[in-house]
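S.K.: Take a look at the following structure, please.
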Amino acid sequence: MRITILTLFPTMFEGFLHTSIIKRIIDKGLVEIRIVDIRDYSLDKHRHVDDTPYGGGAGMLMKVDVLHRALAANSKENSRILLTSPKAKPFKQSDARRLSKFSDIVIVCGHYEGIDYRFEKYVDEKVSIGDYVLTGGELASMVISDAIVRLLDDGISKQSLEIESFDNNLLECPQYTRPYDFYGDKVPAVLLSGNHRDIKHYNDKMALRETLKYRPDLLENHQFTKEEIALLEEIRNEFEG
Ligand code: 6GU
C-alpha cells in the first residue's frame, strides 16, 4: 500500500513516521508513506497557498488551484482520495478496514478556516475524526493512517487483530499482567484457573460490562448472541444486588 499525505506542515510527521510500530510496518515494506508539501505546488513567487474568501468573512481559505496541482502530481487513476475536514462523518473502525483494501490512498490535510469548495469534487470522501475542531488535518491524517496501516497483513500479530474493540460493536475486556498482587489488588482468580471456558465466559461478561458503562450506544448496533443475553442478565442481577 502507498499513502500520500498532502500537507502544509510536513515536519509534523517526523515523529509519526520514525517511531515504533508504524516505523516497523514501513520498514517491512508493507506500506510506503510519502509526505508532500502543498506549498511546493504554489506558482507565485511568495508561494501563497491561501487567500481571503469571496463575499467576505473571517480567515483564509486554501486555494483550489494549488490543491489541485498538488493532488494531480501525486495521485493515480486508482487512488482513493480523502480530505480531512470537521464537516464530515466521523471515521470508524469499519472505515479503517474498508480503506485498508486500497493500494493507493491520498490524504489531503485541510487547514486554516477551510478550503475552496470547488476542490471537493476531486475528492472521494471527506473524513472527520470526531466532534471537535482541530487547527488542521495533520493529526487527523496520522490517526487515519495509523488505524489503516496497523490492519495490513503481517503488520501486527493476527491475534492482536482478532478481538478488537469496535469490531462487533463491543469494547475489549480488561486485561492484567504481572505482578499478581499490586498493593492487595489481585488479578481475578478465574484468569489463573486454566479453564478456558470459564475465562472466555468471564472476559465476554467484562467486555459487555465495559461497553454498558462507557459506550452503551455501541450496543444498539450489536448482534447479541444467546450467551450474551444471559450475560446481560447476570450483570443486571449483580448490579441490583
Ligand atoms: Cl479531519 N480536521 C479538523 N480541522 N478538525 C477536525 C477533524 C479534521 N476531525 C475532527 N476535527
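Numbering starts fresh at 1 for the residues of each chain in the C-alpha cells, the chains themselves are lettered A, B, ... in the order given, and ligands are numbered from 1 as they appear.
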Enumerate residues in contact with ligand 1: an atom-to-atom distance of at most 9 Å, counting only C-alpha atoms and all ligand atoms. Format the result as a PyMOL selection string.
M.R.: chain A and resi 83-88+90-91+109-114+126-141+144
S.K.: Within segment 7-241 of chain A, find each residue whose DSSP state, derived from the backbone, is helix (DSSP H, G or I), and express the selection as JSON, numbers by chain.
M.R.: {"A": [10, 11, 12, 13, 14, 15, 16, 17, 20, 21, 22, 23, 24, 25, 26, 27, 38, 39, 40, 41, 64, 65, 66, 67, 68, 69, 70, 71, 72, 73, 74, 93, 94, 95, 96, 97, 98, 99, 117, 118, 119, 120, 121, 122, 138, 139, 140, 141, 142, 143, 144, 145, 146, 147, 148, 149, 158, 159, 160, 161, 162, 167, 168, 169, 189, 190, 191, 192, 196, 197, 198, 199, 200, 201, 202, 203, 204, 205, 206, 207, 208, 209, 210, 211, 212, 213, 214, 216, 217, 218, 219, 220, 221, 226, 227, 228, 229, 230, 231, 232, 233, 234, 235, 236, 237, 238, 239, 240]}
S.K.: Which polymer residues have any atom within 10 Å of an atom of segment 28-31 of chain A, counting only C-alpha atoms, with same-chain residues fewer than 5 positions away left out, as a tab-separated table (two decimals) with all heavy atoms, in the first residue's frame?
M.R.:
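Contents of out-v9.tsv, as written:
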chain	number	residue	atom	x	y	z
A	1	MET	N	0.84	-1.20	0.00
A	1	MET	CA	0.00	0.00	0.00
A	1	MET	C	0.87	1.24	0.00
A	1	MET	O	1.97	1.24	0.55
A	1	MET	CB	-0.90	0.02	1.25
A	1	MET	CG	-1.64	1.34	1.42
A	1	MET	SD	-2.62	1.44	2.93
A	1	MET	CE	-4.06	0.52	2.43
A	2	ARG	N	0.36	2.27	-0.65
A	2	ARG	CA	1.06	3.56	-0.59
A	2	ARG	C	0.08	4.60	-0.05
A	2	ARG	O	-1.08	4.65	-0.47
A	2	ARG	CB	1.53	3.95	-2.00
A	2	ARG	CG	2.39	5.21	-1.98
A	2	ARG	CD	2.92	5.54	-3.37
A	2	ARG	NE	1.88	6.16	-4.19
A	2	ARG	CZ	2.12	6.77	-5.35
A	2	ARG	NH1	3.34	6.81	-5.84
A	2	ARG	NH2	1.14	7.32	-6.03
A	3	ILE	N	0.55	5.40	0.91
A	3	ILE	CA	-0.27	6.51	1.42
A	3	ILE	C	0.51	7.79	1.17
A	3	ILE	O	1.69	7.89	1.53
A	3	ILE	CB	-0.56	6.36	2.93
A	3	ILE	CG1	-1.35	5.07	3.21
A	3	ILE	CG2	-1.33	7.58	3.45
A	3	ILE	CD1	-1.65	4.83	4.70
A	22	ILE	N	4.60	1.97	13.60
A	22	ILE	CA	4.44	2.48	12.24
A	22	ILE	C	5.76	2.36	11.48
A	22	ILE	O	5.80	1.91	10.34
A	22	ILE	CB	3.96	3.95	12.25
A	22	ILE	CG1	2.57	4.05	12.85
A	22	ILE	CG2	3.97	4.55	10.85
A	22	ILE	CD1	1.49	3.26	12.14
A	23	LYS	N	6.83	2.70	12.15
A	23	LYS	CA	8.15	2.57	11.52
A	23	LYS	C	8.42	1.11	11.13
A	23	LYS	O	8.93	0.83	10.05
A	23	LYS	CB	9.24	3.08	12.46
A	23	LYS	CG	10.66	2.90	11.91
A	23	LYS	CD	11.68	3.68	12.71
A	23	LYS	CE	13.10	3.21	12.47
A	23	LYS	NZ	13.46	3.15	11.05
A	103	SER	N	-4.92	0.09	-2.64
A	103	SER	CA	-3.46	0.02	-2.80
A	103	SER	C	-2.85	1.42	-2.78
A	103	SER	O	-1.66	1.58	-2.50
A	103	SER	CB	-3.10	-0.70	-4.10
A	103	SER	OG	-3.62	0.02	-5.20
A	104	ASP	N	-3.66	2.44	-3.06
A	104	ASP	CA	-3.11	3.80	-3.08
A	104	ASP	C	-4.12	4.77	-2.45
A	104	ASP	O	-5.25	4.88	-2.90
A	104	ASP	CB	-2.81	4.22	-4.52
A	104	ASP	CG	-1.92	5.46	-4.56
A	104	ASP	OD1	-0.69	5.30	-4.51
A	104	ASP	OD2	-2.45	6.59	-4.61
A	149	VAL	N	-3.02	1.38	8.62
A	149	VAL	CA	-1.75	0.67	8.41
A	149	VAL	C	-1.59	-0.52	9.36
A	149	VAL	O	-1.06	-1.57	8.99
A	149	VAL	CB	-0.61	1.70	8.55
A	149	VAL	CG1	0.70	1.05	8.89
A	149	VAL	CG2	-0.48	2.53	7.28
A	150	ARG	N	-2.09	-0.39	10.58
A	150	ARG	CA	-1.94	-1.50	11.53
A	150	ARG	C	-2.76	-2.71	11.13
A	150	ARG	O	-2.54	-3.81	11.62
A	150	ARG	CB	-2.27	-1.05	12.95
A	150	ARG	CG	-3.70	-0.65	13.18
A	150	ARG	CD	-3.92	-0.14	14.58
A	150	ARG	NE	-3.86	-1.20	15.57
A	150	ARG	CZ	-4.83	-2.10	15.78
A	150	ARG	NH1	-5.91	-2.07	15.04
A	150	ARG	NH2	-4.69	-3.02	16.70
A	152	LEU	N	-2.83	-3.88	8.02
A	152	LEU	CA	-2.22	-4.54	6.87
A	152	LEU	C	-1.64	-5.89	7.29
A	152	LEU	O	-1.09	-6.03	8.38
A	152	LEU	CB	-1.13	-3.66	6.24
A	152	LEU	CG	-1.64	-2.31	5.73
A	152	LEU	CD1	-0.48	-1.50	5.18
A	152	LEU	CD2	-2.72	-2.49	4.68
A	153	ASP	N	-1.77	-6.87	6.46
A	153	ASP	CA	-1.30	-8.23	6.78
A	153	ASP	C	0.11	-8.20	7.32
A	153	ASP	O	0.97	-7.53	6.79
A	153	ASP	CB	-1.33	-9.10	5.52
A	153	ASP	CG	-2.74	-9.50	5.17
A	153	ASP	OD1	-3.63	-9.38	6.03
A	153	ASP	OD2	-2.93	-9.91	4.02
A	154	ASP	N	0.34	-8.98	8.36
A	154	ASP	CA	1.66	-9.12	8.97
A	154	ASP	C	2.13	-7.88	9.70
A	154	ASP	O	3.21	-7.88	10.28
A	154	ASP	CB	2.75	-9.50	7.94
A	154	ASP	CG	2.36	-10.74	7.15
A	154	ASP	OD1	1.70	-11.61	7.75
A	154	ASP	OD2	2.70	-10.83	5.97
A	155	GLY	N	1.36	-6.84	9.66
A	155	GLY	CA	1.76	-5.60	10.33
A	155	GLY	C	1.91	-5.82	11.82
A	155	GLY	O	2.92	-5.50	12.41
S.K.: Just checking: using only C-alpha atoms, which residue out of A:Arg98, A:His222, A:Lys92, A:His68 ends up closest to Tyr117 of chain A?
M.R.: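 So, comparing all the options, the nearest one is A:His68.
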S.K.: My list of candidates is A:Phe119, A:Arg215, A:Glu32, A:Ser94. Which is closest to Leu17 of chain A when distances are computed with only C-alpha atoms?
M.R.: A:Glu32
S.K.: I'd like to know which of A:Phe224, A:Tyr202, A:Tyr122, A:Tyr176 is closest to Ile107 of chain A, using only C-alpha atoms.
M.R.: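 Among the listed residues, A:Tyr122 lies closest to Ile107 of chain A.
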S.K.: Might you pull out every residue within 8 Å of Leu208 of chain A, with only C-alpha atoms counted and same-chain residues fewer than 2 positions away left off, and present them as an mmCIF file with C-alpha atoms, in the first residue's frame?
M.R.:
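For reference, out22.cif as written:
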data_model
loop_
_atom_site.group_PDB
_atom_site.id
_atom_site.type_symbol
_atom_site.label_atom_id
_atom_site.label_comp_id
_atom_site.auth_asym_id
_atom_site.auth_seq_id
_atom_site.Cartn_x
_atom_site.Cartn_y
_atom_site.Cartn_z
ATOM 1 C CA LEU A 170 -18.075 -4.149 21.804
ATOM 2 C CA LEU A 171 -15.230 -2.696 23.838
ATOM 3 C CA CYS A 173 -12.454 -6.720 28.252
ATOM 4 C CA ASP A 204 -17.119 -11.849 27.476
ATOM 5 C CA LYS A 205 -19.038 -10.645 30.516
ATOM 6 C CA MET A 206 -16.454 -7.979 31.345
ATOM 7 C CA GLU A 210 -17.234 -2.135 29.909
ATOM 8 C CA THR A 211 -19.420 -1.414 26.906
ATOM 9 C CA LEU A 212 -22.509 -0.840 29.060
ATOM 10 C CA GLU A 228 -24.561 -12.547 25.702
ATOM 11 C CA LEU A 231 -24.560 -12.488 30.472
ATOM 12 C CA LEU A 232 -26.565 -9.250 30.397
#
S.K.: Using DSSP on the backbone, list every residue of segment 52-197 of chain A that comes out as strand (DSSP E or B), and give them as JSON, numbers by chain.
M.R.: {"A": [61, 62, 80, 81, 82, 83, 84, 90, 104, 105, 106, 107, 108, 114, 115, 125, 126, 127, 128, 181, 182, 185, 186]}
S.K.: One decimal, Å: what's the distance from atom CA of Glu120 of chain A over to atom CA of Val64 of chain A, could you say?
M.R.: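 Taking atom CA of Glu120 of chain A and atom CA of Val64 of chain A, their separation equals 9.1 Å.
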S.K.: Show me, as number ranges by chain, the residues that have an atom within 12 Å of segment 191-197 of chain A when counting only C-alpha atoms, minus same-chain residues fewer than 6 positions from it.
M.R.: A: 174-178, 180, 203-204
S.K.: For each of A:Ser20, A:Leu6, A:Leu43, A:Gln223, take the minimum atom-to-atom distance to Ala72 of chain A, counting only C-alpha atoms, then give the residue where this is smallest.
M.R.: A:Leu6
S.K.: Can you work out which one of A:Asn168, A:Met142, A:Lys121, A:Gly15 has the shortest atom-to-atom distance to Thr225 of chain A, counting only C-alpha atoms?
M.R.: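 Counting only C-alpha atoms, the residue closest to Thr225 of chain A is A:Asn168.
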S.K.: Calculate how many Å separate atom CA of Asp181 of chain A from atom CA of Glu238 of chain A, rounding to one decimal.
M.R.: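 Result for atom CA of Asp181 of chain A versus atom CA of Glu238 of chain A: 24.7 Å, one decimal.
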S.K.: Work out how far atom CA of Asp116 of chain A is from atom CA of Lys45 of chain A, in Å to one decimal.
M.R.: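 Between atom CA of Lys45 of chain A and atom CA of Asp116 of chain A the gap is 21.0 Å.
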